[in-house]
file final_33.cif (mmCIF, C-alpha atoms)
data_work
#
loop_
_atom_site.label_atom_id
_atom_site.label_comp_id
_atom_site.auth_asym_id
_atom_site.auth_seq_id
_atom_site.Cartn_x
_atom_site.Cartn_y
_atom_site.Cartn_z
CA MET N 29 -66.27 111.52 -134.13
CA MET N 30 -64.24 109.02 -132.20
CA MET N 31 -65.72 105.69 -131.30
CA SER N 32 -65.10 103.80 -128.13
CA ASP N 33 -66.12 100.22 -127.49
CA ILE N 34 -66.36 98.42 -124.24
CA ALA N 35 -67.03 94.72 -123.97
CA LYS N 36 -67.46 92.83 -120.73
CA ASP N 37 -67.87 89.10 -120.44
CA ARG N 38 -69.12 87.11 -117.57
CA ALA N 39 -69.14 83.39 -117.69
CA ALA N 40 -70.41 82.61 -114.23
CA ARG N 41 -68.62 79.40 -113.51
CA SER N 42 -65.91 79.92 -110.87
CA TRP N 43 -63.45 82.26 -109.28
CA LYS N 44 -60.09 82.45 -111.11
CA LYS N 45 -59.36 84.64 -114.12
CA ARG N 46 -59.72 83.40 -117.67
CA GLY N 47 -57.67 84.83 -120.50
CA SER N 48 -59.57 86.12 -123.45
CA VAL N 49 -58.59 87.40 -126.84
CA SER N 50 -61.03 89.06 -129.12
CA SER N 51 -60.60 91.18 -132.16
CA LEU N 52 -62.53 93.76 -134.07
CA SER N 53 -61.52 94.36 -137.63
CA SER N 54 -61.47 97.52 -139.70
CA HIS N 55 -60.46 100.02 -137.02
CA GLU N 56 -57.17 100.67 -135.33
CA PHE N 57 -57.57 99.60 -131.79
CA GLN N 58 -55.72 99.23 -128.57
CA ARG N 59 -56.14 95.86 -126.93
CA ARG N 60 -55.81 95.07 -123.29
CA GLU N 61 -55.71 91.38 -122.57
CA ILE N 62 -55.96 89.82 -119.20
CA HIS N 63 -54.21 86.48 -119.19
CA ALA N 64 -54.52 83.99 -116.44
CA ARG N 65 -55.50 80.42 -115.91
CA THR N 66 -58.90 79.11 -116.78
CA LYS N 67 -61.94 78.79 -114.61
CA ASP N 68 -62.86 82.33 -113.81
CA SER N 69 -66.02 84.25 -113.70
CA MET N 70 -65.00 87.50 -115.30
CA SER N 71 -62.78 88.87 -118.00
CA THR N 72 -62.59 92.33 -119.43
CA VAL N 73 -61.39 93.45 -122.83
CA SER N 74 -61.73 96.96 -124.05
CA TYR N 75 -61.09 98.68 -127.33
CA LEU N 76 -60.58 102.28 -128.17
CA ASP N 77 -60.03 103.89 -131.51
CA GLU N 78 -56.70 105.65 -131.29
CA PRO N 79 -56.77 109.28 -132.39
CA SER N 80 -54.50 109.72 -135.36
CA GLN N 81 -51.70 112.27 -135.53
CA ARG N 82 -53.61 114.87 -137.42
CA ASP N 83 -56.26 114.98 -134.73
CA ASP N 84 -53.96 116.90 -132.42
CA VAL N 85 -55.71 120.07 -133.44
CA SER N 86 -59.05 118.74 -132.31
CA ARG N 87 -57.70 118.26 -128.81
CA LEU N 88 -57.71 122.01 -128.28
CA THR N 89 -61.01 123.38 -127.03
CA VAL N 90 -63.21 124.47 -129.88
CA GLN N 91 -65.38 127.52 -129.43
CA MET N 92 -68.56 126.89 -131.29
CA GLU N 93 -70.64 129.58 -132.86
CA ASN N 94 -74.09 130.14 -131.41
CA THR N 95 -76.76 128.29 -133.33
CA TYR N 96 -79.68 129.75 -131.33
CA GLN N 97 -81.22 126.33 -131.62
CA LEU N 98 -83.10 125.32 -128.48
CA GLY N 99 -83.92 121.76 -129.38
CA PRO N 100 -83.48 119.16 -132.08
CA PHE N 101 -85.12 119.87 -135.41
CA LYS N 102 -85.30 116.20 -136.16
CA HIS N 103 -86.16 113.95 -133.21
CA PHE N 104 -84.79 110.48 -132.69
CA PRO N 105 -87.08 107.97 -134.41
CA VAL N 106 -87.73 105.46 -131.66
CA VAL N 107 -89.99 103.23 -133.71
CA THR N 108 -87.53 102.90 -136.59
CA VAL N 109 -84.75 102.04 -134.19
CA ASN N 110 -86.97 99.45 -132.48
CA HIS N 111 -87.37 97.76 -135.84
CA ILE N 112 -83.63 97.89 -136.46
CA LEU N 113 -82.97 96.23 -133.10
CA LYS N 114 -85.60 93.59 -133.76
CA ASP N 115 -84.18 92.79 -137.20
CA VAL N 116 -80.57 92.63 -136.09
CA LEU N 117 -81.25 90.50 -133.03
CA THR N 118 -83.54 88.10 -134.86
CA ASN N 119 -81.25 87.71 -137.84
CA TYR N 120 -78.11 87.09 -135.83
CA LEU N 121 -79.52 84.97 -133.04
CA GLN N 122 -82.50 83.04 -134.40
CA GLU N 123 -80.64 79.80 -134.98
CA GLU N 124 -77.91 80.13 -132.39
CA GLU N 125 -77.30 78.07 -129.29
CA TYR N 126 -75.66 79.59 -126.25
CA GLU N 127 -71.88 79.08 -126.35
CA PRO N 128 -69.46 81.24 -124.36
CA GLU N 129 -67.03 82.06 -127.17
CA LEU N 130 -69.69 82.60 -129.76
CA CYS N 131 -71.71 84.88 -127.56
CA ARG N 132 -68.65 86.83 -126.52
CA GLN N 133 -67.94 87.68 -130.15
CA MET N 134 -71.61 88.10 -130.89
CA THR N 135 -72.22 90.77 -128.27
CA LYS N 136 -69.34 92.88 -129.50
CA MET N 137 -70.22 92.44 -133.14
CA MET N 138 -73.88 93.16 -132.63
CA SER N 139 -73.26 96.34 -130.71
CA GLU N 140 -71.06 97.53 -133.59
CA VAL N 141 -73.63 96.53 -136.20
CA ILE N 142 -76.49 98.22 -134.38
CA LYS N 143 -74.45 101.36 -133.90
CA ALA N 144 -73.58 101.43 -137.62
CA GLN N 145 -77.19 100.98 -138.66
CA VAL N 146 -78.46 103.69 -136.35
CA LYS N 147 -75.71 106.03 -137.55
CA ASP N 148 -76.91 105.42 -141.10
CA LEU N 149 -80.20 107.04 -140.16
CA MET N 150 -78.21 110.27 -140.06
CA ILE N 151 -79.97 111.97 -137.20
CA PRO N 152 -77.90 115.10 -136.66
CA ARG N 153 -76.44 116.12 -133.28
CA TYR N 154 -77.29 112.88 -131.51
CA LYS N 155 -74.74 110.85 -129.56
CA LEU N 156 -75.42 107.13 -129.32
CA ILE N 157 -74.82 104.47 -126.72
CA VAL N 158 -75.62 100.89 -127.68
CA ILE N 159 -75.61 98.15 -125.05
CA VAL N 160 -76.14 94.47 -125.80
CA HIS N 161 -76.61 91.78 -123.14
CA ILE N 162 -76.70 88.10 -124.05
CA GLY N 163 -77.33 85.41 -121.47
CA GLN N 164 -77.99 81.74 -121.24
CA LEU N 165 -81.64 80.98 -120.73
CA ASN N 166 -82.18 78.74 -117.77
CA SER N 167 -83.85 78.97 -114.49
CA GLN N 168 -81.65 81.70 -113.05
CA SER N 169 -83.04 85.09 -112.32
CA ILE N 170 -81.71 88.33 -113.69
CA LEU N 171 -82.84 91.91 -113.45
CA ILE N 172 -81.44 94.70 -115.62
CA GLY N 173 -82.42 98.29 -114.92
CA SER N 174 -81.28 101.74 -115.90
CA ARG N 175 -81.93 105.35 -115.01
CA CYS N 176 -80.93 108.39 -116.97
CA LEU N 177 -80.38 111.99 -116.08
CA TRP N 178 -81.05 113.96 -119.24
CA ASP N 179 -83.48 116.23 -120.99
CA PRO N 180 -86.57 114.12 -121.75
CA LYS N 181 -87.72 116.49 -124.48
CA SER N 182 -84.76 115.73 -126.68
CA ASP N 183 -83.18 112.51 -125.37
CA THR N 184 -84.65 109.07 -125.56
CA PHE N 185 -83.89 105.38 -125.68
CA SER N 186 -85.00 102.27 -127.51
CA SER N 187 -84.96 98.67 -126.35
CA TYR N 188 -85.72 95.14 -127.56
CA VAL N 189 -85.59 91.70 -125.95
CA PHE N 190 -85.12 88.56 -127.99
CA ARG N 191 -85.55 85.01 -126.74
CA ASN N 192 -84.99 81.62 -128.28
CA CYS N 193 -84.80 78.20 -126.69
CA SER N 194 -81.30 78.51 -125.24
CA LEU N 195 -80.53 82.18 -124.87
CA PHE N 196 -81.95 85.63 -124.39
CA ALA N 197 -80.62 88.92 -125.70
CA LEU N 198 -81.38 92.50 -124.70
CA ALA N 199 -80.35 95.48 -126.82
CA ASN N 200 -80.64 99.08 -125.63
CA VAL N 201 -79.91 102.20 -127.62
CA TYR N 202 -79.68 105.53 -125.76
CA ALA N 203 -79.71 108.69 -127.86
CA VAL N 204 -78.49 111.90 -126.26
CA TYR N 205 -78.86 115.24 -127.97
CA LEU N 206 -75.76 117.38 -128.11
CA GLU N 207 -76.68 120.76 -126.70
CA VAL D 26 -60.63 117.75 -119.07
CA GLY D 27 -62.88 114.79 -119.69
CA PHE D 28 -64.75 112.41 -117.51
CA ASN D 29 -63.18 111.39 -114.22
CA ALA D 30 -63.82 107.67 -114.20
CA ASP D 31 -62.14 106.98 -110.86
CA GLU D 32 -64.31 109.39 -108.98
CA ALA D 33 -67.44 107.88 -110.50
CA HIS D 34 -66.18 104.39 -109.77
CA ASN D 35 -65.77 105.16 -106.08
CA ILE D 36 -69.13 106.84 -105.79
CA VAL D 37 -71.02 104.00 -107.41
CA LYS D 38 -69.12 101.30 -105.55
CA GLU D 39 -70.17 102.88 -102.28
CA CYS D 40 -73.79 102.93 -103.38
CA VAL D 41 -73.72 99.28 -104.37
CA ASP D 42 -72.01 98.26 -101.13
CA GLY D 43 -74.61 100.17 -99.20
CA VAL D 44 -77.58 98.58 -100.91
CA LEU D 45 -76.39 95.03 -101.56
CA GLY D 46 -73.73 94.56 -98.91
CA GLY D 47 -74.56 91.60 -96.72
CA GLU D 48 -77.72 90.74 -98.62
CA ASP D 49 -78.53 87.47 -100.32
CA TYR D 50 -80.25 87.15 -103.65
CA ASN D 51 -83.95 87.62 -103.12
CA GLN D 52 -86.41 87.74 -105.98
CA ASN D 53 -88.79 89.98 -104.09
CA ASN D 54 -86.27 92.64 -103.36
CA ILE D 55 -84.16 92.94 -106.45
CA ASN D 56 -86.50 95.35 -108.13
CA GLN D 57 -86.17 97.67 -105.21
CA TRP D 58 -82.42 97.15 -104.96
CA THR D 59 -81.66 97.93 -108.59
CA ALA D 60 -83.88 100.98 -108.34
CA SER D 61 -82.07 102.23 -105.22
CA ILE D 62 -78.61 101.53 -106.62
CA VAL D 63 -79.34 103.41 -109.78
CA GLU D 64 -81.12 106.31 -108.14
CA GLN D 65 -78.56 106.79 -105.40
CA SER D 66 -75.72 106.64 -107.93
CA LEU D 67 -77.41 109.26 -110.05
CA THR D 68 -77.98 111.54 -107.08
CA HIS D 69 -74.37 111.31 -106.00
CA LEU D 70 -73.08 111.84 -109.51
CA VAL D 71 -75.19 114.95 -109.84
CA LYS D 72 -73.76 116.28 -106.59
CA LEU D 73 -70.38 116.47 -108.32
CA GLY D 74 -71.83 119.49 -110.04
CA LYS D 75 -70.36 118.77 -113.45
CA ALA D 76 -72.07 119.60 -116.74
CA TYR D 77 -72.86 116.03 -117.78
CA LYS D 78 -75.89 114.00 -118.75
CA TYR D 79 -75.73 110.58 -117.09
CA ILE D 80 -76.97 107.13 -118.03
CA VAL D 81 -76.64 104.49 -115.32
CA THR D 82 -77.42 100.82 -116.05
CA CYS D 83 -77.49 98.07 -113.48
CA ALA D 84 -77.73 94.30 -114.00
CA VAL D 85 -78.11 91.95 -111.04
CA VAL D 86 -77.71 88.25 -111.73
CA GLN D 87 -78.14 85.32 -109.43
CA LYS D 88 -74.95 83.32 -109.08
CA SER D 89 -75.39 80.23 -111.17
CA ALA D 90 -73.56 78.05 -113.62
CA TYR D 91 -75.04 79.99 -116.49
CA GLY D 92 -73.26 82.44 -118.72
CA PHE D 93 -73.97 86.10 -119.30
CA HIS D 94 -72.32 88.53 -121.73
CA THR D 95 -72.57 92.28 -122.06
CA ALA D 96 -71.08 94.60 -124.66
CA SER D 97 -71.52 98.23 -125.43
CA SER D 98 -70.59 100.49 -128.27
CA CYS D 99 -70.68 104.27 -128.09
CA PHE D 100 -70.71 107.02 -130.65
CA TRP D 101 -69.59 110.23 -128.96
CA ASP D 102 -66.78 112.67 -128.42
CA THR D 103 -64.02 110.77 -126.65
CA THR D 104 -62.35 113.93 -125.40
CA SER D 105 -65.29 115.00 -123.29
CA ASP D 106 -67.46 111.93 -122.72
CA GLY D 107 -66.63 108.80 -120.81
CA THR D 108 -67.80 105.66 -119.18
CA CYS D 109 -67.09 103.57 -116.14
CA THR D 110 -68.05 100.03 -115.16
CA ILE D 111 -68.31 98.63 -111.68
CA ARG D 112 -68.38 94.90 -111.03
CA TRP D 113 -69.46 93.70 -107.64
CA GLU D 114 -70.18 90.27 -106.30
CA ASN D 115 -70.96 88.35 -103.20
CA ARG D 116 -71.78 84.79 -102.39
CA THR D 117 -75.17 84.68 -104.08
CA MET D 118 -75.18 87.30 -106.80
CA ASN D 119 -73.23 89.37 -109.28
CA CYS D 120 -73.88 93.00 -110.04
CA ILE D 121 -72.66 95.09 -112.99
CA VAL D 122 -73.21 98.84 -113.03
CA ASN D 123 -72.37 100.95 -116.08
CA VAL D 124 -72.13 104.71 -115.96
CA PHE D 125 -72.09 106.71 -119.18
CA ALA D 126 -71.46 110.45 -118.98
CA ILE D 127 -72.10 112.75 -121.92
CA ALA D 128 -70.89 116.32 -121.76
CA ILE D 129 -73.18 119.26 -122.18
CA VAL D 130 -71.56 122.11 -124.03
CA LEU D 131 -72.47 125.26 -122.17
#
call {"tool": "encode", "arguments": {"input": "final_33.cif", "output": "structure tokens"}}
result
Amino acid sequence: MMMSDIAKDRAARSWKKRGSVSSLSSHEFQRREIHARTKDSMSTVSYLDEPSQRDDVSRLTVQMENTYQLGPFKHFPVVTVNHILKDVLTNYLQEEEYEPELCRQMTKMMSEVIKAQVKDLMIPRYKLIVIVHIGQLNSQSILIGSRCLWDPKSDTFSSYVFRNCSLFALANVYAVYLE
Amino acid sequence: VGFNADEAHNIVKECVDGVLGGEDYNQNNINQWTASIVEQSLTHLVKLGKAYKYIVTCAVVQKSAYGFHTASSCFWDTTSDGTCTIRWENRTMNCIVNVFAIAIVL
């Protein structure tokens, strides 16, 4: 399976673009950097695992044999994943203070870590989407919502919010069954 | 084949403009606004008639001096599945909408 990572940063300070460089180790990736002068409110960096040469074959459409399986045999364990999220968020963020650079790296790293841990559960035929939001805790107001169009019998999500004195973090994992 | 991110981008941008355009940040209304943005986006995406499951996330933040970071990591088939992010802002608030589309194999 290919993996694709998307990281978005928003440091809400001002209007011009800020350059950002981030790196993820252990995978080949393609980096797009947006360079400009400091003092901006948004920067975007995205990473994609490049398909290697031998994957050319997989680009052709694959006809799959009928499994006659109507639903998942093993459902997504929401409670287990809740615990995973709680552990990861608490371990990584318990002592941390909000700092733009640190949190930028932290969001990307944590989404990778959570994805790896959930993959280790080896739930077959489930695709995963992990989203991590980290924000500075102060008297601003924020609302995060989501809606999903899927099959509620097989697909589900898991979520956890962590707070300490200077920051808050929200992690969401969506699990979609491959029909 | 694969997910057409541009089409989704346009659709969602129109929804956000329609709901938040000309509005100022208002604690009482944001619940309703995020709900409408997300529901309208979903309805329009479904009208495309493609065999996809959709996940739409929306975050609305009041414009302030405070920082906010978002990252996402996805485990899927990159040939058929895709994502799209829409950033929108006005004088008093910022809005980020994420659309994830996962293909259904018919």
call {"tool": "resolve_selection", "arguments": {"input": "final_33.cif", "expression": "the PyMOL selection byres ((chain D) within 6 of (chain N))", "output": "list in words"}}
result
Lys78, Tyr79, Ile80, Val81, Thr82, Cys83, Ala84, Val85, Val86, Gln87, Ala90, Tyr91, Gly92, Phe93, His94, Thr95, Ala96, Ser97, Ser98, Cys99, Phe100, Trp101, Asp102, Thr103, Ile129 and Val130 of chain D
call {"tool": "resolve_selection", "arguments": {"input": "final_33.cif", "expression": "the PyMOL selection byres ((chain N and resi 116) around 10)", "output": "list of chain:residue names"}}
result
N:His111, N:Ile112, N:Leu113, N:Lys114, N:Asp115, N:Leu117, N:Thr118, N:Asn119, N:Tyr120, N:Leu121, N:Gln122, N:Met138, N:Ser139, N:Val141, N:Ile142, N:Gln145, N:Ala199
call {"tool": "atom_distance", "arguments": {"input": "final_33.cif", "atom1": "CA of Thr108 (chain D)", "atom2": "CA of Phe101 (chain N)"}}
result
27.7 Å
call {"tool": "resolve_selection", "arguments": {"input": "final_33.cif", "expression": "the PyMOL selection byres ((chain D and resi 106) around 7)", "output": "list in words"}}
result
Gly27, Phe28, Trp101, Asp102, Thr103, Thr104, Ser105, Gly107, Ala126, Ile127 and Ala128 of chain D
call {"tool": "write_last_selection", "arguments": {"input": "final_33.cif", "atoms": "C-alpha atoms", "output": "CSV table (one decimal), in the frame of the given file"}}
result
chain,number,residue,atom,x,y,z
D,27,GLY,CA,-62.9,114.8,-119.7
D,28,PHE,CA,-64.8,112.4,-117.5
D,101,TRP,CA,-69.6,110.2,-129.0
D,102,ASP,CA,-66.8,112.7,-128.4
D,103,THR,CA,-64.0,110.8,-126.6
D,104,THR,CA,-62.4,113.9,-125.4
D,105,SER,CA,-65.3,115.0,-123.3
D,107,GLY,CA,-66.6,108.8,-120.8
D,126,ALA,CA,-71.5,110.4,-119.0
D,127,ILE,CA,-72.1,112.8,-121.9
D,128,ALA,CA,-70.9,116.3,-121.8
call {"tool": "atom_distance", "arguments": {"input": "final_33.cif", "atom1": "CA of Val122 (chain D)", "atom2": "CA of Gly43 (chain D)"}}
result
14.0 Å
call {"tool": "atom_distance", "arguments": {"input": "final_33.cif", "atom1": "CA of Cys109 (chain D)", "atom2": "CA of Cys40 (chain D)"}}
result
14.4 Å
call {"tool": "residues_around", "arguments": {"input": "final_33.cif", "residues": "Gln65 (chain D)", "least_positions_apart": "3", "cutoff": "10 Å", "atoms": "all atoms listed in the file", "output": "PyMOL selection string"}}
result
chain D and resi 36-37+39-41+43-44+59-62+68-71
call {"tool": "residues_around", "arguments": {"input": "final_33.cif", "residues": "region 111-113 of chain D", "least_positions_apart": "5", "cutoff": "7 Å", "atoms": "all atoms listed in the file", "output": "mmCIF file with C-alpha atoms, in the coordinates of the input"}}
result
data_model
loop_
_atom_site.group_PDB
_atom_site.id
_atom_site.type_symbol
_atom_site.label_atom_id
_atom_site.label_comp_id
_atom_site.auth_asym_id
_atom_site.auth_seq_id
_atom_site.Cartn_x
_atom_site.Cartn_y
_atom_site.Cartn_z
ATOM 1 C CA HIS D 34 -66.180 104.390 -109.770
ATOM 2 C CA LYS D 38 -69.120 101.300 -105.550
ATOM 3 C CA ASN D 119 -73.230 89.370 -109.280
ATOM 4 C CA CYS D 120 -73.880 93.000 -110.040
ATOM 5 C CA ILE D 121 -72.660 95.090 -112.990
ATOM 6 C CA VAL D 122 -73.210 98.840 -113.030
ATOM 7 C CA ASN D 123 -72.370 100.950 -116.080
#
